[in-house]
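Data first, discussion second: the structure below is written as structure tokens.
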Amino acid sequence: MSGQLLSRWLLLGEWRARRLQLLVAIIAIMLGVALGFSIHLINTAAVNEFSAASKSLTGMSDLTVVAAQPTFDERRFPEILQQPEVAQASPMLEIMAGVLGFQETLRNPELKIIGLDVFRAAAITPDLLGIPAEDSQFDTLSEDGIFLSPAAMEWLAVQQGDQLTLTLGAKQVTLRVAGGLVRAPSGQRVGVMDIGAAQWHFDHVGWLSRIELKLHSGANLATFKAKLASQLGDGFLLVEGTNQDARVHNLSRAYRVNLNILALVALFTGAFLVFASQVLATVRRRAQIALLRVLGMTRQQVLRQLLLEGGLLGTIGALLGLILGYALAAIGLHFYGADLGAGFFAGLTPSLHFSPMAAGFYFVAGVGVTLLGSLLPAWEATRTQPAVALKSGSEHEALAVLRFPWLAGGCLLLAAIFVRLPPVGELPIFGYLAVALLLIGGVALLPWLAGAFFGRLSKRYERHPKGAVRTLVLARLSNASGLAAIALGGILASFSLMVAMAIMVMSFRLSVEDWLTHVLPADIYVRTVIRQDARGFTPEEQQLITSVAGIERIDLMRSQSVLLDPDRPMITLIARPIDAHQPANTLPMTDAVLPPQALPKNAMPIWVSEAMVDLYQFTVGREVRLPLGDSTQIFMVAGVWRDYGRQFGAIQMQLADYRRLTGDRHIGDAAIWVKDGVDVNEIVKNLRALPFGENLKISPRNEIREISLALFDRSFAVTYLLELIAVGVGLLGVAASFSAQALTRIKEFGMLCHIGLTRQQIRRMLIVEGGLLTGFGIIIGFVLGVAISLILVFVINPQSFRWTMQLHLPWSWLAIMAFAMLTAAILSVYQASKPAISRDAVRAVKEDW
Amino acid sequence: MNTIPILELCNISKAYASRKVLSDLSFTLAAGEYVAVMGDSGVGKSTLLNLIAGLDEADSGKIFVNGQILAAGDEVAATELRRKYFGFIFQAFHILPHLTLLQNVSLPLLLNDMPLDRTAAMLAAVGLGDRGHAFPYQLSGGELQRVAIARALVHRPRLILADEPTGNLDPDTAQEILQLIRAEVKANGASAILVTHSHAAAATADKVLTLTGNGLTETRR
Amino acid sequence: MRLLMLLVFLLTGNLLLAAERSFETVTPGYEMVFPQDFGAHPDFRIEWWYATGWLQTTEGQQLGFQITFFRIATNAEKSNPSRFAPGQLIIAHAALSDPALDSLLHDQRIRREGFDLVYARTGNTDVKLDDWLLKRETDGRYQTFVQATDFALELAFSPTQPLLLQGEQGFSRKGPKMEQASYYYSEPHLQVTGTITRNGKPIAVTGTAWLDHEWSSELLDPNAAGWDWVGANLDDGGALMAFQIRSKDGAKVWAHAVWRDANGRMTAFAPEDVHFQPQRRWRSPHTQAEYPVAMTIKTGETTWQLIPLMDDQELDSRASIGAVYWEGAVTLRRDNQPAGRGYLELTGYVQPLSTGGNDD
């Protein structure tokens, strides 16, 4: 009872005394929790929507029959249906159709069309059935009717009864919106129509994308799967729900984990800030705590009190953080979509769901780091002899515990080891740990480094002393390095992260720019409204494109998705003419290239992206088989190229080889080199004038380049945001620790006033001190940041996105950042010094706390 | 009346880093006794007080407070003993700046889980009855020390330890404070050890002891 | 008769109206040709093979069964080259009436024709819907197999009598207008052998069945709201078929009956000579509809009493053809003497008639 009262009095007294620092600490925790929580919410929303979408597409199916290639011959359908174990089988055709008129504004304006047999789908995917108008019950069988999910209707701005024109390659299909779907996941854009009509209109007569199977209750799934697999032969894959989940998971995993880690970095920075603020507060209260101990408070009571204060801070900050995080997530989803601009979840508009589990996790994390931040200073506070602590001037002793050269050394050593470790579960866990260890080690090493640096500086200065202010500053910095280091830690953590991210992003961006130059050699690129259109252009249409006047050279390309592993997202197969002797003329090759003479006669060469090497072990010189036409054909990996466009893997092969194997004469893209002296716009005009000109996506090289770089910047928007927040938190930390220190040093300032320093001199002293400290922090932060960027560029990126890049140091940008940081720090010191020097100096001397 | 001495030191020795501060010191303080301890700087006056308060541990010897032994190493027991039997007055006042005077004075009661009804009376007794809700920064040095006296006596401790209580005060105020300490100690039936350099201050005690390298000796007035 | 109207309702959707697919029409004077006319007539809009009958288990238990295959030609464009183009739909119903149970066991399927999985072939009766089938052998015997959710029927029907061509040599009028008609023949007194499987246990059965085959392209009278139909194998070897079409106010729009006696002498009754008189009504707990499950039918001077094997023989086909009807085994009495056994069909007692979707 009275213990609680005492506790409350002390708490309120303390909070009254340092409103600003508490506010900063709360804001730090709040930001950390908010960022982590919001990114988690957005990711969960996206992944949930994505997996709900893929679940609704497969419904209650036990097993899905798909081909490695996008479609397979429908004649396999009766064979599969008549398996004795099969209770229901629902054939489906999935086509990505282009939305005419959207190609200029959207990157890939595609609408997923599912052709299904309502009678057979009813038992497996009831959610995907169309709801026809009251008076036309059998509209689900109609030739021109399409049923759209709510998200698709909204996206296309159509209603029941409206006309909808879709494209497939050079073809246009006009359909009638016949109604909605029984229960489509709210965020998924999909259209459903009769399978017969879909095959017909979308040039896929005779082809299916998949067959969903429901087995008799007694059938053994594993046995049946094995039997069916051997019966269907190569080129077919049998996919279970677990595979789907794995694929969805794989699709965005690296991206999600990266964002989550960044969020945790924000939380970490926040935690450090709380730590610094708690350390300073405790140092300042040493004498008070000692008095309480003398008056009869036990160690446990003191510890409890300090932890209670920290815990309360953490609770308030974490609660506010949850609220802010939810709001941020809602705003982010609203304006940027589920992938925050990165393009992983096209065709989805997810909705936010509050998850108590996740909220609990981030709440506990927020409170936990605050408690941890309070624990060390609290523990130190109870450990001191109260009689000693009661005497003023013993603060520096308190900070002795904060020197952890052994910890710093250990962290840095471990980091060096972790950098060399392989990824865990395809995630660069050790890479991230190494970054964290570098940060912790750097921060822990700071007091020692600062002491050494300023000590040396001060010694050198002692020989040629100039002025009281500078002497005072250097003396303080060299002797009270513990306190200085606390302010420095925040700067170090945020600046080094900023430097690391800037180097990584700039390196990436320049690599992408180089890459774009290499992969976009032609003047004009022509393709269908959507990428990897299932139909593309027929040979006749290709002829029309090729015969447009003014073309010097034209390369035709066919690309399609291929499923090699049901647990992974599909890879992309690109068939195009490739200079077999000098593949680097066509592709952005890495050094791994097989000389043409090393290719066996019976093998077709393929060139694979770096991801194929990591994910499928398609190393140079390896013989592989691909599910293309003749399954006995041997392919040999003839080289590895860099691909920043497709992180799940891509294979390039000669168009002639592809045509020979598959008999598919269609193409989807054309690269056009314009004759000398011919205006690019002239060619564009001529292409537009083709009978199917409206269906063409014509992009001059520069446009693609600009769009790609804009997309790149967009996908890093969140990164920039997080960076800014980390810097903001770091600066808050500087401001908070300087103002806290200024308060703890009021007596010192009062004394200096007494002995004749003017207020301006005291302020200058503080500013020089802050500037020197920040400058030192920036230098160390820069070194640490470069080290972290090396890990990001050479460990984390290749491990999570499976591509390599060249390192670039954006010097001017870094200099600007350093300058901005220094200015901001000095401004915050200036602001923080105000109360310190405005207080009555005489009273400050008398005050013995 | 109680015949057990409130404080008994038996053969106490204490050294800091090979510098002997106290050696084989014995001393008994009877209940209700008010003594002043004088001595040169560095002779160990503060160490003596810290040992008595259980804030520091003797290298050898025993200390009994109200007949109970101050067990070496038992931090919690020492704290509880201190909380209950002792009141402290410091040279630097040590009033918590963010608590009101009433709250400051209530601290020992709260720590001892006692009702707070004596706080106001105690503040009134030291002449600050109408300033209970003021904060320490609104007070002068003499007033702060009055608050400290109230805090030292509010929970009816058996022994007051005062370490240079007037060291930071001007002579007139100092005299006032010393009289107040004496009056309040006596009024509360407590004993007191007053550590001071000032003969004027020492003169307010029942008897004056001088601490030297040879121990405590009574100085005749 | 038989569900004709349900199908008509079904086909009035925009599937019918969307395109102008022309169908063959039913005209008087058509001479049925067998075995071709046992087979399907894909150029007519609708067609069905409808088998009902009484079965007896080896333990003497009486059961009723119904197996129906419908064929519907849709208006899907012939030009759609897809094998999935829904040109013809096959719908099948199967039901089992067991007085020991509270209600009818029944199941239904609907599929589009194609891939040799689902078809109605020409030339002879040969209809299949995945693993459900009805096939007439060259010797005139029918084989049928139905694997429903709760039961399976594997039956063979052997003809014992000549075909019964309904109406005027198979031209059967359904309304006051000449074009409201169908081609219609029946095979009464089919001898049944086979097995019924329930709860995984096969039971051997024998019995007598009645098979109707009817095809048409034309609509019923727009005033029609439902109908009552009965087809019965008489104990003396005779056969009786009677139906009436009711208007929305319950009045008789059209009626017809034919009685072939044991000697094969046919008597046809004009609409004014056929009277259906409800005797007892049963309220369905499933749909709240009231069915006149016990009837008397007057054909000329003769009065037939119809007594249901069990009351709840209601069949909810909203999931396939979009209607709820009563289709049940009945016994016939004439002058209070047992006279035969047959099936009674009562439609249009639940409003609205067509509510359904098209899912399975």
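By order of appearance in the structure tokens: chains A, B, ..., then residues from 1 within every chain, and ligands from 1 in the order shown.
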Worksheet item: Counting only C-alpha atoms, which residues of chain B come no farther than 10 Å from chain A, as number ranges by chain?
Response: B: 46-47, 49-50, 53-56, 75-88, 90, 92-100, 103-104, 106-116, 136-137, 140-141, 151-152, 168
Fill in: Residue list for chain A near chain C as a ChimeraX atom specification, 7 Å, only C-alpha atoms
/A:78,118-119,122-123,135-139,141-142,195-197,199-200,205-206
Practice prompt. Using only C-alpha atoms, determine which residues lie at most 10 Å from A:Phe635, disregarding the query and same-chain residues fewer than 5 positions distant; provide the list as a list in words.
Written response: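 Contacts, with the query itself left out: Leu599, Pro600, Asn602, Ala603, Met604, Pro605, Ile606, Trp607, Gly621, Arg622, Glu623, Val624, Arg625, Leu626 and Met653 of chain A.
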Residues from last step as file, all heavy atoms, as a short mmCIF file (atom, residue, chain, number, x, y, z; two decimals), in the first residue's frame:
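Done, and the output landed in out_3.cif:
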```
data_model
loop_
_atom_site.label_atom_id
_atom_site.label_comp_id
_atom_site.auth_asym_id
_atom_site.auth_seq_id
_atom_site.Cartn_x
_atom_site.Cartn_y
_atom_site.Cartn_z
N LEU A 599 30.48 -27.42 -75.98
CA LEU A 599 29.09 -27.90 -75.99
C LEU A 599 28.99 -29.20 -76.76
O LEU A 599 29.41 -29.27 -77.92
CB LEU A 599 28.21 -26.82 -76.66
CG LEU A 599 26.71 -27.02 -76.54
CD1 LEU A 599 26.25 -26.64 -75.15
CD2 LEU A 599 26.01 -26.19 -77.60
N PRO A 600 28.45 -30.25 -76.14
CA PRO A 600 28.30 -31.52 -76.87
C PRO A 600 27.35 -31.33 -78.06
O PRO A 600 26.46 -30.47 -78.03
CB PRO A 600 27.69 -32.46 -75.83
CG PRO A 600 27.84 -31.79 -74.52
CD PRO A 600 27.95 -30.33 -74.77
N ASN A 602 24.88 -33.11 -79.14
CA ASN A 602 23.46 -33.42 -78.94
C ASN A 602 22.77 -32.50 -77.94
O ASN A 602 21.61 -32.67 -77.66
CB ASN A 602 23.31 -34.88 -78.50
CG ASN A 602 24.03 -35.12 -77.18
OD1 ASN A 602 24.88 -34.32 -76.79
ND2 ASN A 602 23.68 -36.20 -76.51
N ALA A 603 23.52 -31.57 -77.37
CA ALA A 603 22.93 -30.73 -76.33
C ALA A 603 22.61 -29.35 -76.88
O ALA A 603 23.32 -28.80 -77.71
CB ALA A 603 23.89 -30.59 -75.15
N MET A 604 21.49 -28.82 -76.41
CA MET A 604 21.14 -27.44 -76.75
C MET A 604 21.66 -26.54 -75.64
O MET A 604 21.51 -26.87 -74.47
CB MET A 604 19.62 -27.29 -76.83
CG MET A 604 19.01 -27.91 -78.07
SD MET A 604 17.24 -27.61 -78.06
CE MET A 604 16.75 -28.48 -79.54
N PRO A 605 22.25 -25.39 -76.01
CA PRO A 605 22.76 -24.51 -74.96
C PRO A 605 21.64 -23.71 -74.31
O PRO A 605 20.68 -23.31 -74.97
CB PRO A 605 23.70 -23.58 -75.72
CG PRO A 605 23.14 -23.54 -77.10
CD PRO A 605 22.50 -24.87 -77.36
N ILE A 606 21.73 -23.53 -73.02
CA ILE A 606 20.85 -22.57 -72.34
C ILE A 606 21.74 -21.67 -71.49
O ILE A 606 22.82 -22.06 -71.06
CB ILE A 606 19.78 -23.25 -71.45
CG1 ILE A 606 20.43 -24.20 -70.46
CG2 ILE A 606 18.73 -23.95 -72.28
CD1 ILE A 606 19.46 -24.73 -69.42
N TRP A 607 21.28 -20.44 -71.30
CA TRP A 607 22.00 -19.48 -70.46
C TRP A 607 21.08 -19.14 -69.30
O TRP A 607 19.91 -18.79 -69.51
CB TRP A 607 22.35 -18.24 -71.27
CG TRP A 607 23.35 -18.54 -72.35
CD1 TRP A 607 24.70 -18.42 -72.25
CD2 TRP A 607 23.09 -19.01 -73.68
NE1 TRP A 607 25.31 -18.78 -73.43
CE2 TRP A 607 24.35 -19.16 -74.32
CE3 TRP A 607 21.94 -19.34 -74.39
CZ2 TRP A 607 24.46 -19.61 -75.64
CZ3 TRP A 607 22.05 -19.79 -75.70
CH2 TRP A 607 23.29 -19.92 -76.31
N GLY A 621 28.09 -25.79 -67.48
CA GLY A 621 28.60 -27.08 -67.91
C GLY A 621 27.71 -28.23 -67.50
O GLY A 621 27.93 -29.36 -67.92
N ARG A 622 26.68 -27.94 -66.72
CA ARG A 622 25.82 -29.03 -66.26
C ARG A 622 24.81 -29.41 -67.35
O ARG A 622 24.29 -28.55 -68.05
CB ARG A 622 25.07 -28.60 -65.00
CG ARG A 622 24.67 -29.79 -64.15
CD ARG A 622 23.86 -29.40 -62.95
NE ARG A 622 22.68 -30.24 -62.92
CZ ARG A 622 21.71 -30.09 -62.05
NH1 ARG A 622 21.75 -29.13 -61.17
NH2 ARG A 622 20.67 -30.89 -62.07
N GLU A 623 24.58 -30.70 -67.48
CA GLU A 623 23.55 -31.17 -68.42
C GLU A 623 22.24 -31.25 -67.68
O GLU A 623 22.16 -31.83 -66.60
CB GLU A 623 23.91 -32.56 -68.94
CG GLU A 623 24.99 -32.53 -69.99
CD GLU A 623 25.21 -33.90 -70.62
OE1 GLU A 623 24.44 -34.84 -70.29
OE2 GLU A 623 26.14 -34.02 -71.42
N VAL A 624 21.20 -30.66 -68.25
CA VAL A 624 19.89 -30.70 -67.59
C VAL A 624 18.84 -31.07 -68.61
O VAL A 624 19.07 -31.02 -69.82
CB VAL A 624 19.54 -29.33 -66.96
CG1 VAL A 624 20.50 -29.00 -65.85
CG2 VAL A 624 19.54 -28.23 -67.99
N ARG A 625 17.68 -31.45 -68.09
CA ARG A 625 16.52 -31.66 -68.97
C ARG A 625 15.47 -30.64 -68.60
O ARG A 625 15.36 -30.23 -67.45
CB ARG A 625 15.96 -33.07 -68.77
CG ARG A 625 16.81 -34.11 -69.44
CD ARG A 625 16.33 -35.51 -69.02
NE ARG A 625 17.43 -36.47 -69.12
CZ ARG A 625 17.70 -37.14 -70.24
NH1 ARG A 625 16.95 -36.96 -71.32
NH2 ARG A 625 18.70 -37.99 -70.28
N LEU A 626 14.73 -30.23 -69.60
CA LEU A 626 13.67 -29.24 -69.35
C LEU A 626 12.35 -29.79 -69.89
O LEU A 626 12.35 -30.52 -70.88
CB LEU A 626 14.00 -27.91 -70.05
CG LEU A 626 15.21 -27.14 -69.53
CD1 LEU A 626 15.47 -25.92 -70.39
CD2 LEU A 626 15.00 -26.73 -68.08
N MET A 653 17.21 -19.31 -74.13
CA MET A 653 17.66 -20.30 -75.10
C MET A 653 17.45 -19.74 -76.50
O MET A 653 16.78 -18.72 -76.68
CB MET A 653 16.90 -21.61 -74.91
CG MET A 653 15.41 -21.54 -75.23
SD MET A 653 14.55 -23.07 -74.83
CE MET A 653 15.30 -24.19 -76.00
#
```
Discussion item. DSSP on the backbone: which residues in stretch 572-816 of chain A end up as strand (DSSP E)? Give the answer as a PyMOL selection string.
Written reply: chain A and resi 572-576+589-593+603-609+623-624+634-641+650-654+669-674+696-700
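Counting from atom CA of A:Ile440, the distance to atom CA of A:Ala378 is 20.1 Å.
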Excluding same-chain residues fewer than 4 positions from B:Ile69, what lies within 12 Å of it counting only C-alpha atoms, as a short mmCIF file (atom, residue, chain, number, x, y, z; two decimals) with C-alpha atoms, in the first residue's frame?
```
data_model
loop_
_atom_site.label_atom_id
_atom_site.label_comp_id
_atom_site.auth_asym_id
_atom_site.auth_seq_id
_atom_site.Cartn_x
_atom_site.Cartn_y
_atom_site.Cartn_z
CA ILE B 6 20.98 1.85 21.65
CA LEU B 7 24.34 1.37 20.03
CA GLU B 8 27.32 -0.71 20.92
CA LEU B 9 30.54 -0.95 18.90
CA CYS B 10 32.93 -3.69 19.87
CA ILE B 52 26.93 2.37 12.19
CA GLY B 54 25.21 -0.41 7.85
CA GLY B 61 34.45 -6.24 15.22
CA LYS B 62 30.77 -6.21 15.97
CA ILE B 63 28.07 -3.58 15.96
CA PHE B 64 24.86 -3.94 17.95
CA VAL B 65 21.92 -1.67 17.24
CA GLY B 73 26.92 -9.33 4.50
CA ASP B 74 23.20 -9.27 5.18
CA ALA B 77 18.69 -6.98 7.22
CA ALA B 78 20.99 -3.96 7.46
CA LEU B 81 17.45 -2.06 10.60
#
```
Fill in: Selection: 8 Å around stretch 210-214 of chain B, only C-alpha atoms, excl. self and same-chain fewer than 3 positions, as number ranges by chain
B: 21-23, 37-40, 43-45, 217-219
Worksheet item: Can you tell me how far atom CA of A:Val593 sits from atom CA of A:Gln806, in Å to one decimal?
Response: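 Distance between the two atoms: 18.8 Å.
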Worksheet entry | Nearest residue to B:Ser60 from the set B:Ser41, B:Gln175, B:Asn11, B:Ser26 (distances using only C-alpha atoms) | B:Asn11
